[in-house]
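Student: My structure is stored as model.pdb, with PDB, C-alpha atoms.
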ATOM      1  CA  MET A   1     115.520  92.097  97.277
ATOM      2  CA  ILE A   2     115.643  95.341  99.171
ATOM      3  CA  ASN A   3     118.966  96.141 100.830
ATOM      4  CA  ILE A   4     118.482  97.831 104.206
ATOM      5  CA  GLU A   5     121.812  99.701 104.029
ATOM      6  CA  ASP A   6     120.941 101.103 100.601
ATOM      7  CA  SER A   7     117.291 102.010 101.345
ATOM      8  CA  VAL A   8     115.449 105.290 101.504
ATOM      9  CA  VAL A   9     111.691 105.630 102.020
ATOM     10  CA  ILE A  10     109.759 108.237 100.056
ATOM     11  CA  MET A  11     106.226 109.036 101.180
ATOM     12  CA  VAL A  12     104.394 111.038  98.536
ATOM     13  CA  ASP A  13     101.607 113.415  99.565
ATOM     14  CA  ILE A  14      99.969 111.428 102.373
ATOM     15  CA  GLN A  15      98.158 114.583 103.434
ATOM     16  CA  GLU A  16      94.994 115.223 105.407
ATOM     17  CA  LYS A  17      92.707 116.191 102.495
ATOM     18  CA  LEU A  18      94.070 113.551 100.122
ATOM     19  CA  ALA A  19      93.774 110.828 102.770
ATOM     20  CA  GLY A  20      90.204 111.958 103.428
ATOM     21  CA  ALA A  21      89.376 111.814  99.716
ATOM     22  CA  ALA A  22      90.718 108.244  99.557
ATOM     23  CA  GLY A  23      88.037 107.317 102.138
ATOM     24  CA  LYS A  24      88.050 103.663 103.110
ATOM     25  CA  TYR A  25      91.112 103.145 100.878
ATOM     26  CA  SER A  26      93.221 105.568 102.944
ATOM     27  CA  PRO A  27      96.728 104.140 103.380
ATOM     28  CA  VAL A  28      97.586 106.087 106.541
ATOM     29  CA  ASP A  29      97.572 103.119 108.947
ATOM     30  CA  LYS A  30      99.854 100.972 106.780
ATOM     31  CA  ALA A  31     102.089 103.948 105.993
ATOM     32  CA  CYS A  32     102.501 104.441 109.757
ATOM     33  CA  LYS A  33     103.832 100.882 110.074
ATOM     34  CA  LEU A  34     106.314 101.501 107.271
ATOM     35  CA  ALA A  35     107.428 104.815 108.799
ATOM     36  CA  THR A  36     107.739 103.347 112.296
ATOM     37  CA  THR A  37     109.862 100.484 111.016
ATOM     38  CA  ALA A  38     112.069 102.901 109.084
ATOM     39  CA  LYS A  39     112.550 104.857 112.322
ATOM     40  CA  ILE A  40     113.394 101.690 114.299
ATOM     41  CA  LEU A  41     115.888 100.555 111.654
ATOM     42  CA  GLY A  42     117.408 103.985 111.010
ATOM     43  CA  ILE A  43     116.301 104.150 107.374
ATOM     44  CA  PRO A  44     115.999 107.734 106.084
ATOM     45  CA  VAL A  45     112.572 109.021 105.059
ATOM     46  CA  ILE A  46     111.648 111.834 102.688
ATOM     47  CA  VAL A  47     108.047 113.092 102.847
ATOM     48  CA  THR A  48     106.585 115.252 100.103
ATOM     49  CA  GLU A  49     103.584 117.521 100.469
ATOM     50  CA  GLN A  50     101.719 118.691  97.381
ATOM     51  CA  TYR A  51     100.650 122.315  97.842
ATOM     52  CA  PRO A  52     100.118 121.998 101.630
ATOM     53  CA  LYS A  53      98.348 125.393 101.836
ATOM     54  CA  GLY A  54      95.461 123.856  99.922
ATOM     55  CA  LEU A  55      95.743 120.141 100.683
ATOM     56  CA  GLY A  56      96.899 120.295 104.284
ATOM     57  CA  GLN A  57      99.925 118.885 106.041
ATOM     58  CA  THR A  58     100.982 115.246 106.246
ATOM     59  CA  ALA A  59      98.212 113.236 107.948
ATOM     60  CA  ALA A  60      98.585 113.608 111.726
ATOM     61  CA  PRO A  61      98.889 109.881 112.600
ATOM     62  CA  LEU A  62     101.741 109.531 110.115
ATOM     63  CA  LYS A  63     103.445 112.757 111.148
ATOM     64  CA  ASP A  64     103.363 111.548 114.762
ATOM     65  CA  VAL A  65     105.428 108.398 114.054
ATOM     66  CA  LEU A  66     108.035 109.854 111.695
ATOM     67  CA  ALA A  67     111.625 110.109 112.925
ATOM     68  CA  GLU A  68     112.885 113.547 113.941
ATOM     69  CA  ASN A  69     115.326 113.620 111.018
ATOM     70  CA  THR A  70     112.584 113.064 108.423
ATOM     71  CA  VAL A  71     112.942 115.499 105.531
ATOM     72  CA  PHE A  72     109.735 117.304 104.484
ATOM     73  CA  ILE A  73     109.606 118.802 101.001
ATOM     74  CA  GLU A  74     106.823 121.022  99.677
ATOM     75  CA  LYS A  75     106.090 120.686  95.978
ATOM     76  CA  THR A  76     103.720 121.854  93.296
ATOM     77  CA  GLY A  77     104.966 119.663  90.449
ATOM     78  CA  PHE A  78     103.401 116.232  90.219
ATOM     79  CA  SER A  79     106.721 114.371  90.163
ATOM     80  CA  ALA A  80     108.775 115.059  93.275
ATOM     81  CA  PHE A  81     111.788 115.018  90.942
ATOM     82  CA  LEU A  82     110.736 118.424  89.610
ATOM     83  CA  THR A  83     111.685 119.889  93.007
ATOM     84  CA  PRO A  84     115.426 120.667  93.287
ATOM     85  CA  GLU A  85     115.424 120.058  97.065
ATOM     86  CA  PHE A  86     114.102 116.530  96.477
ATOM     87  CA  ARG A  87     116.830 115.715  93.957
ATOM     88  CA  GLU A  88     119.468 117.161  96.300
ATOM     89  CA  GLN A  89     118.253 115.100  99.262
ATOM     90  CA  LEU A  90     118.425 111.893  97.236
ATOM     91  CA  LYS A  91     121.914 112.790  96.078
ATOM     92  CA  VAL A  92     123.103 113.535  99.631
ATOM     93  CA  LEU A  93     121.675 110.256 100.959
ATOM     94  CA  GLY A  94     123.323 108.253  98.179
ATOM     95  CA  LYS A  95     120.847 105.353  98.473
ATOM     96  CA  LYS A  96     119.792 103.352  95.417
ATOM     97  CA  HIS A  97     116.860 101.283  96.755
ATOM     98  CA  VAL A  98     113.803 103.529  96.918
ATOM     99  CA  VAL A  99     110.797 102.258  98.858
ATOM    100  CA  ILE A 100     107.943 104.530  97.817
ATOM    101  CA  CYS A 101     104.287 104.942  98.662
ATOM    102  CA  GLY A 102     101.711 107.695  98.612
ATOM    103  CA  ILE A 103      98.426 109.139  97.539
ATOM    104  CA  GLU A 104      97.248 109.687  94.042
ATOM    105  CA  VAL A 105      99.118 106.690  92.719
ATOM    106  CA  HIS A 106      98.092 107.473  89.156
ATOM    107  CA  ILE A 107      99.532 111.003  89.306
ATOM    108  CA  CYS A 108     102.270 112.038  91.740
ATOM    109  CA  VAL A 109     103.446 108.580  92.806
ATOM    110  CA  TYR A 110     103.540 107.253  89.235
ATOM    111  CA  GLN A 111     105.337 110.301  87.811
ATOM    112  CA  THR A 112     107.896 110.278  90.650
ATOM    113  CA  ILE A 113     108.552 106.565  90.106
ATOM    114  CA  CYS A 114     109.081 107.088  86.367
ATOM    115  CA  ASP A 115     111.655 109.794  87.086
ATOM    116  CA  LEU A 116     113.408 107.683  89.755
ATOM    117  CA  LEU A 117     113.691 104.759  87.349
ATOM    118  CA  ALA A 118     115.024 107.043  84.598
ATOM    119  CA  GLN A 119     117.758 108.139  87.031
ATOM    120  CA  GLY A 120     118.807 104.532  87.738
ATOM    121  CA  TYR A 121     117.141 103.930  91.102
ATOM    122  CA  GLU A 122     115.734 100.522  91.998
ATOM    123  CA  VAL A 123     112.130 101.305  92.928
ATOM    124  CA  TYR A 124     109.852  99.302  95.227
ATOM    125  CA  PHE A 125     106.275 100.605  95.173
ATOM    126  CA  VAL A 126     104.409  99.696  98.392
ATOM    127  CA  LYS A 127     100.911  99.127  97.085
ATOM    128  CA  ASP A 128      99.066  98.750 100.403
ATOM    129  CA  CYS A 129     100.569 102.002 101.744
ATOM    130  CA  SER A 130      99.189 103.888  98.740
ATOM    131  CA  ALA A 131      95.872 105.075  97.323
ATOM    132  CA  SER A 132      94.004 107.044  94.696
ATOM    133  CA  ARG A 133      90.567 108.602  94.991
ATOM    134  CA  ASN A 134      88.979 105.738  93.113
ATOM    135  CA  LYS A 135      89.786 102.094  92.411
ATOM    136  CA  TYR A 136      90.009 102.436  88.630
ATOM    137  CA  GLU A 137      92.645 105.181  88.799
ATOM    138  CA  PHE A 138      94.532 103.239  91.481
ATOM    139  CA  LYS A 139      94.572 100.047  89.405
ATOM    140  CA  THR A 140      95.633 101.946  86.286
ATOM    141  CA  GLY A 141      98.437 103.664  88.209
ATOM    142  CA  VAL A 142      99.692 100.335  89.578
ATOM    143  CA  ASP A 143      99.605  98.814  86.078
ATOM    144  CA  LEU A 144     101.634 101.726  84.692
ATOM    145  CA  ILE A 145     104.157 101.478  87.541
ATOM    146  CA  ARG A 146     104.712  97.797  86.668
ATOM    147  CA  GLN A 147     105.005  98.600  82.954
ATOM    148  CA  CYS A 148     107.676 101.237  83.528
ATOM    149  CA  GLY A 149     109.758  98.862  85.683
ATOM    150  CA  GLY A 150     108.750  99.543  89.282
ATOM    151  CA  LYS A 151     108.593  96.526  91.573
ATOM    152  CA  VAL A 152     105.156  96.297  93.198
ATOM    153  CA  THR A 153     105.255  95.022  96.780
ATOM    154  CA  CYS A 154     103.435  95.356 100.104
ATOM    155  CA  CYS A 155     104.326  96.623 103.544
ATOM    156  CA  GLU A 156     104.990  93.273 105.222
ATOM    157  CA  ILE A 157     107.235  92.109 102.396
ATOM    158  CA  VAL A 158     109.329  95.269 102.734
ATOM    159  CA  LEU A 159     109.597  94.986 106.524
ATOM    160  CA  PHE A 160     110.750  91.375 106.413
ATOM    161  CA  GLU A 161     113.139  91.975 103.512
ATOM    162  CA  TRP A 162     114.778  94.680 105.623
ATOM    163  CA  LEU A 163     115.040  92.343 108.630
ATOM    164  CA  LYS A 164     116.191  89.289 106.634
ATOM    165  CA  THR A 165     115.977  87.021 109.734
ATOM    166  CA  SER A 166     114.077  86.569 112.989
ATOM    167  CA  GLN A 167     117.478  86.928 114.665
ATOM    168  CA  HIS A 168     117.647  90.637 113.740
ATOM    169  CA  ASN A 169     117.969  92.794 116.876
ATOM    170  CA  ASP A 170     114.772  94.694 116.000
ATOM    171  CA  PHE A 171     112.670  91.722 114.886
ATOM    172  CA  LYS A 172     110.319  91.731 117.895
ATOM    173  CA  SER A 173     109.733  95.499 117.668
ATOM    174  CA  VAL A 174     108.826  95.270 113.991
ATOM    175  CA  GLN A 175     106.792  92.082 114.417
ATOM    176  CA  ALA A 176     104.703  93.832 117.098
ATOM    177  CA  LEU A 177     103.641  96.432 114.510
ATOM    178  CA  ILE A 178     101.939  93.866 112.295
ATOM    179  CA  LYS A 179     100.175  91.731 114.884
TER     180      LYS A 179
END
As structure tokens, what does this structure read like?
Tutor:
Amino acid sequence: MINIEDSVVIMVDIQEKLAGAAGKYSPVDKACKLATTAKILGIPVIVTEQYPKGLGQTAAPLKDVLAENTVFIEKTGFSAFLTPEFREQLKVLGKKHVVICGIEVHICVYQTICDLLAQGYEVYFVKDCSASRNKYEFKTGVDLIRQCGGKVTCCEIVLFEWLKTSQHNDFKSVQALIK
């Protein structure tokens, strides 16, 4: 189970053009719920942007709900781990439970997860906050994530694992996000 005190959220390349290319499978709405809950609970968030000059910034609805202390990292490598700033941020945070989602599951999300697992992180891939341009690539990416040892989950499971109980001080705030 995901430990709230040891959690960090990584949102990979949920950018305007990529979200648009995902069409009806765009994960922006669900990713907003995850980001809002992280903000409520004080869980750090790292957002990557793949070549933002060409693919645009983080999707506006998501950017609007992120906490002020969210770390944004530009990258050109497919795995975020290829970016020294990304590795440094993870090191500084010192968290071992990585909750990760993003766009182009079969490329950037998958490669980042493989590198996180190789470095000893416990990785929780949030399937319904993620997408690829087509269903076949998405399904293949999810299958590969499972094969390499990532735990496949969904947004509501993550939120309630963080809360642990309906007696949590922030339960009603988080519950309101999913109604």
Student: Looking at only C-alpha atoms, which of A:Ser132, A:Gln89, A:Gln57, A:Thr37 is the one that sits closest to Ile4 (chain A)?
Tutor: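 With only C-alpha atoms as the atom set, the closest residue is A:Thr37.
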Student: Taking all atoms listed in the file into account, which of A:Ala176, A:Cys108, A:Val8, A:Val47 comes nearest Tyr124 (chain A)?
Tutor: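 Closest residue, counting all atoms listed in the file: A:Val8.
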Student: Using all atoms listed in the file, which residue out of A:Ile157, A:Leu82, A:Leu18, A:Ile46 lies closest to Val105 (chain A)?
Tutor: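 When distances to Val105 (chain A) are compared using all atoms listed in the file, the smallest one comes from A:Leu18.
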Student: Which residues match the PyMOL selection byres ((chain A and resi 11) around 6) in the file above, as a list in words?
Tutor: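 So the PyMOL selection byres ((chain A and resi 11) around 6), applied here, picks out Ile10, Val12, Val47, Ile100, Cys101 and Gly102 of chain A.
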Student: Any idea what the distance is between CA of Glu122 (chain A) and CA of Gln15 (chain A)?
Tutor: 25.2 Å
Student: Fewer than 4 positions away in the same chain doesn't count, so skip those; otherwise give me all residues within 9 Å of Phe160 (chain A), counting all atoms listed in the file, as a count of residues only.
Tutor: 8
Student: Could you give me, as a VMD selection string, the residues within 8 Å of region 29-35 of chain A, counting all atoms listed in the file and dropping anything in the same chain fewer than 3 positions from it?
Tutor: chain A and resid 26 38 to 39 45 61 to 62 65 to 67 101 128 to 130 155 159 177 to 178
Student: Can you list, as an MDAnalysis selection string, every protein, DNA or RNA residue that comes within 9 Å of Leu117 (chain A) when you count only C-alpha atoms, leaving out same-chain residues fewer than 5 positions away?
Tutor: chainID A and resid 112 122:123 148:150
Student: Which is closest to Leu55 (chain A) among A:Thr36, A:Asn69, A:Thr153, A:Thr76, if we use only C-alpha atoms?
Tutor: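 So, comparing all the options, the nearest one is A:Thr76.
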Student: Place a sphere of radius 12 Å on (108.5, 107.3, 84.6) in the file coordinates and name every protein, DNA or RNA residue with an atom inside or on its surface, counting all atoms listed in the file; give the answer as number ranges by chain.
Tutor: A: 78-81, 106-121, 123, 141, 144-150
Student: Using all atoms listed in the file, which of the listed residues (A:Lys91, A:Lys96, A:Lys17, A:Lys24) sits closest to Lys135 (chain A)?
Tutor: A:Lys24
Student: With 3 Å on each side, where is the centre of the axis-aligned box around all listed atoms of region 84-89 of chain A, and how long are its edges in Å to one decimal, as JSON?
Tutor:
{"center_x": 116.8, "center_y": 117.9, "center_z": 96.3, "size_x": 11.4, "size_y": 11.6, "size_z": 12.0}
Student: Mind giving me the straight-line distance from CA of Val152 (chain A) to CA of Phe125 (chain A) in Å, one decimal?
Tutor: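 Atom-to-atom, CA of Val152 (chain A) to CA of Phe125 (chain A), that is 4.9 Å.
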Student: Because some atoms of region 65-76 of chain A are absent here, can you restore N, CA, C and O atoms and send them as a PDB file, in the coordinates of the input?
Tutor:
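Now in result-v9.pdb:
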ATOM      1  N   VAL A  65     104.498 109.528 113.920  1.00  0.00           N
ATOM      2  CA  VAL A  65     105.428 108.398 114.054  1.00  0.00           C
ATOM      3  C   VAL A  65     106.732 108.580 113.271  1.00  0.00           C
ATOM      4  O   VAL A  65     107.639 107.765 113.394  1.00  0.00           O
ATOM      5  N   LEU A  66     106.820 109.638 112.492  1.00  0.00           N
ATOM      6  CA  LEU A  66     108.035 109.854 111.695  1.00  0.00           C
ATOM      7  C   LEU A  66     109.222 110.226 112.600  1.00  0.00           C
ATOM      8  O   LEU A  66     109.057 110.889 113.616  1.00  0.00           O
ATOM      9  N   ALA A  67     110.405 109.782 112.190  1.00  0.00           N
ATOM     10  CA  ALA A  67     111.625 110.109 112.925  1.00  0.00           C
ATOM     11  C   ALA A  67     111.872 111.614 112.883  1.00  0.00           C
ATOM     12  O   ALA A  67     111.425 112.307 111.959  1.00  0.00           O
ATOM     13  N   GLU A  68     112.593 112.113 113.866  1.00  0.00           N
ATOM     14  CA  GLU A  68     112.885 113.547 113.941  1.00  0.00           C
ATOM     15  C   GLU A  68     113.665 114.051 112.731  1.00  0.00           C
ATOM     16  O   GLU A  68     113.529 115.201 112.346  1.00  0.00           O
ATOM     17  N   ASN A  69     114.492 113.194 112.146  1.00  0.00           N
ATOM     18  CA  ASN A  69     115.326 113.620 111.018  1.00  0.00           C
ATOM     19  C   ASN A  69     114.632 113.438 109.665  1.00  0.00           C
ATOM     20  O   ASN A  69     115.268 113.558 108.623  1.00  0.00           O
ATOM     21  N   THR A  70     113.330 113.181 109.675  1.00  0.00           N
ATOM     22  CA  THR A  70     112.584 113.064 108.423  1.00  0.00           C
ATOM     23  C   THR A  70     112.647 114.397 107.676  1.00  0.00           C
ATOM     24  O   THR A  70     112.485 115.462 108.263  1.00  0.00           O
ATOM     25  N   VAL A  71     112.871 114.305 106.377  1.00  0.00           N
ATOM     26  CA  VAL A  71     112.942 115.499 105.531  1.00  0.00           C
ATOM     27  C   VAL A  71     111.573 115.727 104.896  1.00  0.00           C
ATOM     28  O   VAL A  71     111.028 114.827 104.246  1.00  0.00           O
ATOM     29  N   PHE A  72     111.013 116.924 105.087  1.00  0.00           N
ATOM     30  CA  PHE A  72     109.735 117.304 104.484  1.00  0.00           C
ATOM     31  C   PHE A  72     110.008 118.258 103.330  1.00  0.00           C
ATOM     32  O   PHE A  72     110.765 119.220 103.492  1.00  0.00           O
ATOM     33  N   ILE A  73     109.394 117.973 102.184  1.00  0.00           N
ATOM     34  CA  ILE A  73     109.606 118.802 101.001  1.00  0.00           C
ATOM     35  C   ILE A  73     108.256 119.203 100.420  1.00  0.00           C
ATOM     36  O   ILE A  73     107.442 118.345 100.067  1.00  0.00           O
ATOM     37  N   GLU A  74     108.026 120.515 100.336  1.00  0.00           N
ATOM     38  CA  GLU A  74     106.823 121.022  99.677  1.00  0.00           C
ATOM     39  C   GLU A  74     107.049 121.003  98.177  1.00  0.00           C
ATOM     40  O   GLU A  74     108.158 121.264  97.712  1.00  0.00           O
ATOM     41  N   LYS A  75     105.967 120.702  97.432  1.00  0.00           N
ATOM     42  CA  LYS A  75     106.090 120.686  95.978  1.00  0.00           C
ATOM     43  C   LYS A  75     104.791 121.142  95.334  1.00  0.00           C
ATOM     44  O   LYS A  75     103.736 121.122  95.966  1.00  0.00           O
ATOM     45  N   THR A  76     104.902 121.552  94.093  1.00  0.00           N
ATOM     46  CA  THR A  76     103.720 121.854  93.296  1.00  0.00           C
ATOM     47  C   THR A  76     103.725 121.050  92.002  1.00  0.00           C
ATOM     48  O   THR A  76     102.688 120.868  91.382  1.00  0.00           O
TER      49      THR A  76
END
